[in-house]
Structure formats: structure tokens, C-alpha cells
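Inspection log for the structure reproduced underneath, given as C-alpha cells.
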Amino acid sequence: MKKIKKFIQRKTLIYKTEVEYGDYTMNHVLGCSHGCLYPCYAYLQKKRFGDVKSYKDWCEPALVENTLELLDEELPRFKSKIQMLHLCFTTDPFMYQYKEVQDMSLAAIKKINAAGVKCSVLTKGVLPIELAELSKDNEYGVTLISTNETFRKRMEPGSAPWKKRLDALKALHNAGCKTWVSIEPYPTPNIVKQDMQKLLDEVSFVDCIIFGRMNYNKEVTLYAEHKKFFNDSAAEVMLFCNKHGISYHIKEGTITD
Ligand code: SF4
């Protein structure tokens, strides 16, 4: 396990997101030790606005230590408006090997559920089985864009090995929880050669799949047939989901003319 070295205080926590499939969200950590190199959009934004100085700074997470106090203040005000509170958009709530982040996320989800609000959770870490004891209306997801562990180490260096992520998700599914997978940002074959069918077979137990193309990466546009590739990949996801009774959402801009 790794120790948190930085703690911060925030004035507000819950906010409404403009992201297409999101409702309300919260980010109770600044930075993310997973250090994804696609690159990570959250990192680019935080660096641009001066919230973090460098990639190294980003990879050393700062925990918002007054998270639970802020939830006590804000939940009474927000709870009637929130359909689903998402953890998180600019960090990872179950950051791999950071127990303090994981404990804070679990405590936050308990508090949110106690206010009658359900949560959706997305991670590249390992979802704890304790989540199965919380509201069965919660939705637990992992990001999985490849089953190639060499690629995972190169592009998501601080994240959990993909198999560990998926095993934890499956355990929650087996315990009766709603589960989902985000296959985003999906890379082109010049970044990693892989078989989409193998990836889909691995995640065939989930209730929902979100699929989206890789953006902000020069390599993608260097792949001459990237538009056709993303159109074909999206079609493969939709076909698979229809065949297996899985709901899906294809992110805007993934399918193009
Ligand atoms: S897990 Fe998400 S927030 Fe963390 S570095 Fe990767 S893309 Fe960014």
C-alpha cells in the first residue's frame, strides 16, 4: 500500500457536469496516481489552470480531507436534484494501492446512499467487495480498453492490472450488483493491436458498456483509416450488446461519416 502525502481542503464538492452521460459528480482527490498517458484529459485541464505543476505532481494524489463534512453540508441541498452521483470525473475513487483514498470513497458512498442518492462509480483500480453491502441501486464500473498487460503498463502505469480490475467487478456482479464497463479511450491498431471480440467476451457479464474513441492523441490521426476503424468497432460493440442483452452507450464523436 502507498501513503497519501498531500491533503487539501475544499469549499465545495458536488457539482453538475456537462458530460453527456453524467448528472452530478464529485472529485474528492486532486491528481491521480494511475498517470494515464493517452493522455489524461483531467491532467491536461488541471495543468492548464495551474492546479498541478507537472505530471509528477499529478501522480501524487492530494486527498480532500473535509470530503465527509462537505457531503453533510451539500447533500441536503442537492439530494432532490440528483438522479445519480458519479465518482469521479477528474480523478479515480479507488486509486490502486491507496487505502486512504479507497476508505474515503467507501465512507462517501455510504453517506450519499444514506441520503437516498445512488452512485455510479468508475475506476482503473480494484473495487472492494464491501460495495456489495451498500445500495443495490449503485452502479459499479471499471475502465478496460485492452487485455494486453504490456500496453496497460505503458499507457496506464499506476493502474491495477486489468485482470484484477475485472475480477473485482465480477465479484460485485456475482453479489447481485449492477456493473458496467467503459471501453474508452479505445486505441487504434497502430497504438496496440488487439482483438475487440476477446475484450468483449471478457466483459460479457456486465449490464452496460460505454464505448468511445481515443482523443487528444497524435498517433490516432496518423492511422489513416481511424474513422472507419472507430465506426467498425462501435458497430461490433452494438452487435455484441444486442446479442447479449447488454445496454450500451456510444460516446459522441466516435461514429462519424
Ligand atoms: S485513471 Fe482517469 S483520472 Fe486517473 S490518470 Fe487515468 S484517465 Fe486520468
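FYI, nothing fancy with the C-alpha cells labels: chains A, B, ... in order, residues from 1 per chain, ligands from 1 as they appear.
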Task: Shell around Phe230 in chain A at 12 Å using only C-alpha atoms, local window under 4 positions removed, as a ChimeraX atom specification - done: /A:184-189,196,211-215,220-221,223-226,234-237,250-257
Write the residues of the preceding selection, restricted to N, CA and C atoms, as a PDB file, in the first residue's frame.
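What landed in again19.pdb:
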```pdb
ATOM      1  N   GLU A 184     -13.146   3.046 -23.106  1.00  0.00           N
ATOM      2  CA  GLU A 184     -12.809   4.396 -23.561  1.00  0.00           C
ATOM      3  C   GLU A 184     -11.601   4.912 -22.782  1.00  0.00           C
ATOM      4  N   PRO A 185     -10.609   5.465 -23.421  1.00  0.00           N
ATOM      5  CA  PRO A 185     -10.481   5.789 -24.844  1.00  0.00           C
ATOM      6  C   PRO A 185      -9.916   4.601 -25.632  1.00  0.00           C
ATOM      7  N   TYR A 186     -10.715   4.107 -26.576  1.00  0.00           N
ATOM      8  CA  TYR A 186     -10.291   2.922 -27.341  1.00  0.00           C
ATOM      9  C   TYR A 186      -9.207   3.313 -28.357  1.00  0.00           C
ATOM     10  N   PRO A 187      -8.081   2.585 -28.343  1.00  0.00           N
ATOM     11  CA  PRO A 187      -6.951   2.948 -29.221  1.00  0.00           C
ATOM     12  C   PRO A 187      -7.030   2.305 -30.603  1.00  0.00           C
ATOM     13  N   THR A 188      -6.355   2.927 -31.548  1.00  0.00           N
ATOM     14  CA  THR A 188      -6.257   2.389 -32.919  1.00  0.00           C
ATOM     15  C   THR A 188      -5.171   1.288 -32.957  1.00  0.00           C
ATOM     16  N   PRO A 189      -5.185   0.449 -34.008  1.00  0.00           N
ATOM     17  CA  PRO A 189      -4.236  -0.685 -34.066  1.00  0.00           C
ATOM     18  C   PRO A 189      -2.760  -0.286 -34.148  1.00  0.00           C
ATOM     19  N   MET A 196     -10.987  -6.971 -30.583  1.00  0.00           N
ATOM     20  CA  MET A 196     -12.134  -6.424 -29.840  1.00  0.00           C
ATOM     21  C   MET A 196     -13.025  -7.532 -29.279  1.00  0.00           C
ATOM     22  N   PHE A 211     -18.801   2.893 -24.903  1.00  0.00           N
ATOM     23  CA  PHE A 211     -17.687   2.785 -25.848  1.00  0.00           C
ATOM     24  C   PHE A 211     -17.365   4.166 -26.420  1.00  0.00           C
ATOM     25  N   GLY A 212     -16.075   4.492 -26.454  1.00  0.00           N
ATOM     26  CA  GLY A 212     -15.674   5.776 -27.020  1.00  0.00           C
ATOM     27  C   GLY A 212     -14.273   5.706 -27.601  1.00  0.00           C
ATOM     28  N   ARG A 213     -14.032   6.514 -28.600  1.00  0.00           N
ATOM     29  CA  ARG A 213     -12.735   6.530 -29.283  1.00  0.00           C
ATOM     30  C   ARG A 213     -11.672   7.255 -28.455  1.00  0.00           C
ATOM     31  N   MET A 214     -10.420   7.027 -28.802  1.00  0.00           N
ATOM     32  CA  MET A 214      -9.324   7.770 -28.185  1.00  0.00           C
ATOM     33  C   MET A 214      -9.235   9.146 -28.846  1.00  0.00           C
ATOM     34  N   ASN A 215      -9.086  10.182 -28.011  1.00  0.00           N
ATOM     35  CA  ASN A 215      -8.914  11.559 -28.499  1.00  0.00           C
ATOM     36  C   ASN A 215      -7.590  12.111 -28.001  1.00  0.00           C
ATOM     37  N   VAL A 220      -3.375   8.484 -33.156  1.00  0.00           N
ATOM     38  CA  VAL A 220      -4.686   8.073 -33.678  1.00  0.00           C
ATOM     39  C   VAL A 220      -4.884   8.623 -35.086  1.00  0.00           C
ATOM     40  N   THR A 221      -4.600   9.921 -35.244  1.00  0.00           N
ATOM     41  CA  THR A 221      -4.827  10.538 -36.561  1.00  0.00           C
ATOM     42  C   THR A 221      -3.785  10.071 -37.594  1.00  0.00           C
ATOM     43  N   TYR A 223      -3.115   7.071 -38.001  1.00  0.00           N
ATOM     44  CA  TYR A 223      -3.686   5.825 -38.528  1.00  0.00           C
ATOM     45  C   TYR A 223      -4.709   6.215 -39.600  1.00  0.00           C
ATOM     46  N   ALA A 224      -4.336   5.976 -40.858  1.00  0.00           N
ATOM     47  CA  ALA A 224      -5.100   6.517 -41.992  1.00  0.00           C
ATOM     48  C   ALA A 224      -6.580   6.167 -41.931  1.00  0.00           C
ATOM     49  N   GLU A 225      -6.890   4.975 -41.501  1.00  0.00           N
ATOM     50  CA  GLU A 225      -8.291   4.542 -41.533  1.00  0.00           C
ATOM     51  C   GLU A 225      -8.959   4.639 -40.170  1.00  0.00           C
ATOM     52  N   HIS A 226      -8.562   5.649 -39.370  1.00  0.00           N
ATOM     53  CA  HIS A 226      -9.074   5.664 -37.993  1.00  0.00           C
ATOM     54  C   HIS A 226     -10.585   5.869 -37.923  1.00  0.00           C
ATOM     55  N   ALA A 234     -17.388   0.423 -33.134  1.00  0.00           N
ATOM     56  CA  ALA A 234     -18.662   0.763 -32.481  1.00  0.00           C
ATOM     57  C   ALA A 234     -19.752  -0.213 -32.938  1.00  0.00           C
ATOM     58  N   ALA A 235     -19.745  -0.541 -34.234  1.00  0.00           N
ATOM     59  CA  ALA A 235     -20.745  -1.480 -34.762  1.00  0.00           C
ATOM     60  C   ALA A 235     -20.592  -2.844 -34.097  1.00  0.00           C
ATOM     61  N   GLU A 236     -19.341  -3.244 -33.875  1.00  0.00           N
ATOM     62  CA  GLU A 236     -19.075  -4.540 -33.234  1.00  0.00           C
ATOM     63  C   GLU A 236     -19.582  -4.541 -31.787  1.00  0.00           C
ATOM     64  N   VAL A 237     -19.375  -3.423 -31.100  1.00  0.00           N
ATOM     65  CA  VAL A 237     -19.861  -3.306 -29.708  1.00  0.00           C
ATOM     66  C   VAL A 237     -21.385  -3.395 -29.690  1.00  0.00           C
ATOM     67  N   ILE A 250     -22.741   4.714 -27.006  1.00  0.00           N
ATOM     68  CA  ILE A 250     -21.564   5.053 -27.824  1.00  0.00           C
ATOM     69  C   ILE A 250     -21.319   6.542 -27.669  1.00  0.00           C
ATOM     70  N   LYS A 251     -20.128   6.906 -27.219  1.00  0.00           N
ATOM     71  CA  LYS A 251     -19.834   8.310 -26.941  1.00  0.00           C
ATOM     72  C   LYS A 251     -19.883   9.154 -28.214  1.00  0.00           C
ATOM     73  N   GLU A 252     -20.336  10.395 -28.048  1.00  0.00           N
ATOM     74  CA  GLU A 252     -20.416  11.329 -29.178  1.00  0.00           C
ATOM     75  C   GLU A 252     -19.051  11.448 -29.865  1.00  0.00           C
ATOM     76  N   GLY A 253     -19.080  11.546 -31.179  1.00  0.00           N
ATOM     77  CA  GLY A 253     -17.851  11.727 -31.947  1.00  0.00           C
ATOM     78  C   GLY A 253     -17.129  10.426 -32.262  1.00  0.00           C
ATOM     79  N   THR A 254     -17.624   9.299 -31.759  1.00  0.00           N
ATOM     80  CA  THR A 254     -16.967   8.015 -32.037  1.00  0.00           C
ATOM     81  C   THR A 254     -17.379   7.505 -33.416  1.00  0.00           C
ATOM     82  N   ILE A 255     -18.679   7.630 -33.715  1.00  0.00           N
ATOM     83  CA  ILE A 255     -19.165   7.244 -35.047  1.00  0.00           C
ATOM     84  C   ILE A 255     -19.241   8.516 -35.895  1.00  0.00           C
ATOM     85  N   THR A 256     -18.562   8.477 -37.053  1.00  0.00           N
ATOM     86  CA  THR A 256     -18.555   9.665 -37.935  1.00  0.00           C
ATOM     87  C   THR A 256     -18.838   9.228 -39.371  1.00  0.00           C
ATOM     88  N   ASP A 257     -19.151  10.221 -40.240  1.00  0.00           N
ATOM     89  CA  ASP A 257     -19.438   9.926 -41.672  1.00  0.00           C
ATOM     90  C   ASP A 257     -18.155   9.629 -42.422  1.00  0.00           C
TER      91      ASP A 257
END
```
TODO: Using only C-alpha atoms and all ligand atoms, find each residue with an atom at most 12 Å away from ligand 1 and format the answer as a PyMOL selection string.
DONE: chain A and resi 27-46+55-61+87-96+121-126+142-145+152-153+155-160+182+184-185+214-215
Open item on the list: One decimal, in Å: what's the spacing between CA of Met238 in chain A and CA of Ile209 in chain A?
Closed with: 9.2 Å
Residues at most 10 Å from range 166-173 of chain A, counting only C-alpha atoms, excluding those fewer than 6 positions away in the same chain, as a PDB file with C-alpha atoms, in the first residue's frame?
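Final output, out_14.pdb:
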```pdb
ATOM      1  CA  LYS A 124      -8.985   1.646 -13.002  1.00  0.00           C
ATOM      2  CA  GLY A 125      -8.308   0.284  -9.537  1.00  0.00           C
ATOM      3  CA  VAL A 126      -9.851  -2.624  -7.635  1.00  0.00           C
ATOM      4  CA  LEU A 127     -13.455  -2.222  -6.448  1.00  0.00           C
ATOM      5  CA  PRO A 128     -13.772  -3.528  -2.855  1.00  0.00           C
ATOM      6  CA  ILE A 129     -16.330  -6.258  -2.172  1.00  0.00           C
ATOM      7  CA  GLU A 130     -17.727  -4.112   0.697  1.00  0.00           C
ATOM      8  CA  LEU A 131     -19.575  -2.170  -2.021  1.00  0.00           C
ATOM      9  CA  ALA A 132     -21.922  -5.161  -2.321  1.00  0.00           C
ATOM     10  CA  GLU A 133     -23.302  -4.296   1.138  1.00  0.00           C
ATOM     11  CA  GLU A 139     -23.684   1.072 -10.458  1.00  0.00           C
ATOM     12  CA  TYR A 140     -20.067  -0.069 -10.378  1.00  0.00           C
ATOM     13  CA  GLY A 141     -17.792   0.244 -13.383  1.00  0.00           C
ATOM     14  CA  VAL A 142     -14.219  -0.277 -14.492  1.00  0.00           C
ATOM     15  CA  THR A 143     -12.413   1.150 -17.480  1.00  0.00           C
ATOM     16  CA  LEU A 144     -10.967  -1.525 -19.713  1.00  0.00           C
ATOM     17  CA  ALA A 160      -4.402  -2.041 -11.376  1.00  0.00           C
ATOM     18  CA  THR A 179     -21.980  -3.427 -13.212  1.00  0.00           C
ATOM     19  CA  TRP A 180     -20.679  -1.624 -16.285  1.00  0.00           C
ATOM     20  CA  VAL A 181     -17.520  -1.240 -18.347  1.00  0.00           C
ATOM     21  CA  GLU A 202     -14.158 -10.827 -21.063  1.00  0.00           C
ATOM     22  CA  VAL A 203     -16.783  -8.227 -20.077  1.00  0.00           C
ATOM     23  CA  PHE A 205     -21.330 -10.340 -17.731  1.00  0.00           C
ATOM     24  CA  VAL A 206     -21.868  -6.569 -17.276  1.00  0.00           C
ATOM     25  CA  ASP A 207     -25.194  -4.738 -17.539  1.00  0.00           C
TER      26      ASP A 207
END
```
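For the choices A:Gly116, A:Ile210, A:Lys136, A:Arg10, the atom-to-atom distance to Ser80 in chain A is smallest for A:Gly116 when using only C-alpha atoms.
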TODO: Go ahead and compute the interatomic distance for CA of Asn174 in chain A and CA of Phe240 in chain A, in Å to one decimal.
DONE: 21.1 Å
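Our summary of the geometry notes that CA of Leu68 in chain A is positioned 27.0 Å from CA of Ala175 in chain A.
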Open item on the list: Please identify the strand (DSSP E) residues within range 89-130 of chain A (assignment by DSSP from backbone atoms) and present them as an NGL selection string.
Closed with: :A and (119-123)
TODO: Name the residues in contact with Leu13 in chain A at a cut-off of 12 Å, using only C-alpha atoms, excluding same-chain residues fewer than 3 positions from it; report them as a VMD selection string.
DONE: chain A and resid 9 to 10 16 24 to 30 64 to 75 78 85 to 88 108
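For the residues A:Arg48, A:Lys111, A:Lys118, A:Lys243, ranking by smallest atom-to-atom distance to Asn138 in chain A using only C-alpha atoms places A:Lys118 first.
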Open item on the list: What parts of range 150-217 of chain A does DSSP call helix (DSSP H, G or I)? I'd like the answer as number ranges by chain.
Closed with: A: 150-155, 162-174, 196-202
For the residues in the current selection, export N, CA and C atoms as a CSV table (one decimal), in the first residue's frame.
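That gives us part-v8.csv:
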```csv
chain,number,residue,atom,x,y,z
A,150,THR,N,1.1,-5.5,-21.3
A,150,THR,CA,2.2,-4.7,-21.6
A,150,THR,C,1.7,-3.3,-22.0
A,151,PHE,N,0.7,-3.2,-22.8
A,151,PHE,CA,0.1,-2.0,-23.1
A,151,PHE,C,-0.5,-1.2,-21.9
A,152,ARG,N,-1.1,-2.0,-21.0
A,152,ARG,CA,-1.6,-1.4,-19.7
A,152,ARG,C,-0.5,-0.7,-19.0
A,153,LYS,N,0.6,-1.4,-18.8
A,153,LYS,CA,1.7,-0.9,-18.1
A,153,LYS,C,2.3,0.4,-18.7
A,154,ARG,N,2.3,0.4,-20.1
A,154,ARG,CA,2.8,1.6,-20.8
A,154,ARG,C,1.9,2.8,-20.7
A,155,MET,N,0.6,2.6,-20.9
A,155,MET,CA,-0.4,3.7,-21.0
A,155,MET,C,-1.1,4.0,-19.7
A,162,TRP,N,-5.2,-5.3,-15.5
A,162,TRP,CA,-6.6,-5.4,-16.0
A,162,TRP,C,-7.4,-6.6,-15.4
A,163,LYS,N,-6.7,-7.7,-15.2
A,163,LYS,CA,-7.4,-8.9,-14.7
A,163,LYS,C,-7.9,-8.7,-13.2
A,164,LYS,N,-7.1,-8.0,-12.4
A,164,LYS,CA,-7.6,-7.7,-11.1
A,164,LYS,C,-8.8,-6.8,-11.1
A,165,ARG,N,-8.8,-5.8,-11.9
A,165,ARG,CA,-10.0,-4.9,-12.1
A,165,ARG,C,-11.2,-5.7,-12.4
A,166,LEU,N,-11.1,-6.6,-13.4
A,166,LEU,CA,-12.2,-7.3,-13.9
A,166,LEU,C,-12.7,-8.4,-12.9
A,167,ASP,N,-11.8,-9.0,-12.2
A,167,ASP,CA,-12.1,-10.0,-11.2
A,167,ASP,C,-13.0,-9.3,-10.1
A,168,ALA,N,-12.6,-8.1,-9.6
A,168,ALA,CA,-13.3,-7.4,-8.6
A,168,ALA,C,-14.7,-7.0,-9.1
A,169,LEU,N,-14.8,-6.6,-10.3
A,169,LEU,CA,-16.1,-6.2,-10.9
A,169,LEU,C,-17.0,-7.5,-11.0
A,170,LYS,N,-16.4,-8.6,-11.4
A,170,LYS,CA,-17.2,-9.8,-11.5
A,170,LYS,C,-17.7,-10.3,-10.1
A,171,ALA,N,-16.9,-10.1,-9.1
A,171,ALA,CA,-17.3,-10.5,-7.7
A,171,ALA,C,-18.5,-9.6,-7.3
A,172,LEU,N,-18.5,-8.4,-7.7
A,172,LEU,CA,-19.7,-7.5,-7.4
A,172,LEU,C,-20.9,-7.9,-8.2
A,173,HIS,N,-20.7,-8.3,-9.4
A,173,HIS,CA,-21.8,-8.8,-10.3
A,173,HIS,C,-22.4,-10.0,-9.6
A,174,ASN,N,-21.5,-10.9,-9.2
A,174,ASN,CA,-21.9,-12.2,-8.6
A,174,ASN,C,-22.7,-12.0,-7.3
A,196,MET,N,-11.0,-7.0,-30.6
A,196,MET,CA,-12.1,-6.4,-29.8
A,196,MET,C,-13.0,-7.5,-29.3
A,197,GLN,N,-13.2,-8.6,-30.0
A,197,GLN,CA,-14.0,-9.7,-29.6
A,197,GLN,C,-13.6,-10.3,-28.3
A,198,LYS,N,-12.2,-10.4,-28.2
A,198,LYS,CA,-11.7,-11.0,-26.9
A,198,LYS,C,-12.0,-10.1,-25.7
A,199,LEU,N,-11.9,-8.8,-25.9
A,199,LEU,CA,-12.2,-7.8,-24.9
A,199,LEU,C,-13.7,-7.9,-24.5
A,200,LEU,N,-14.5,-8.0,-25.5
A,200,LEU,CA,-16.0,-8.0,-25.3
A,200,LEU,C,-16.4,-9.3,-24.6
A,201,ASP,N,-15.7,-10.4,-25.0
A,201,ASP,CA,-16.0,-11.7,-24.3
A,201,ASP,C,-15.7,-11.6,-22.8
A,202,GLU,N,-14.6,-10.9,-22.5
A,202,GLU,CA,-14.2,-10.8,-21.1
A,202,GLU,C,-15.2,-10.1,-20.2
```
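Each of A:Cys241, A:Lys228, A:Leu134, A:Ile82 was compared to Ala107 in chain A using only C-alpha atoms, and A:Leu134 turns out to be the nearest.
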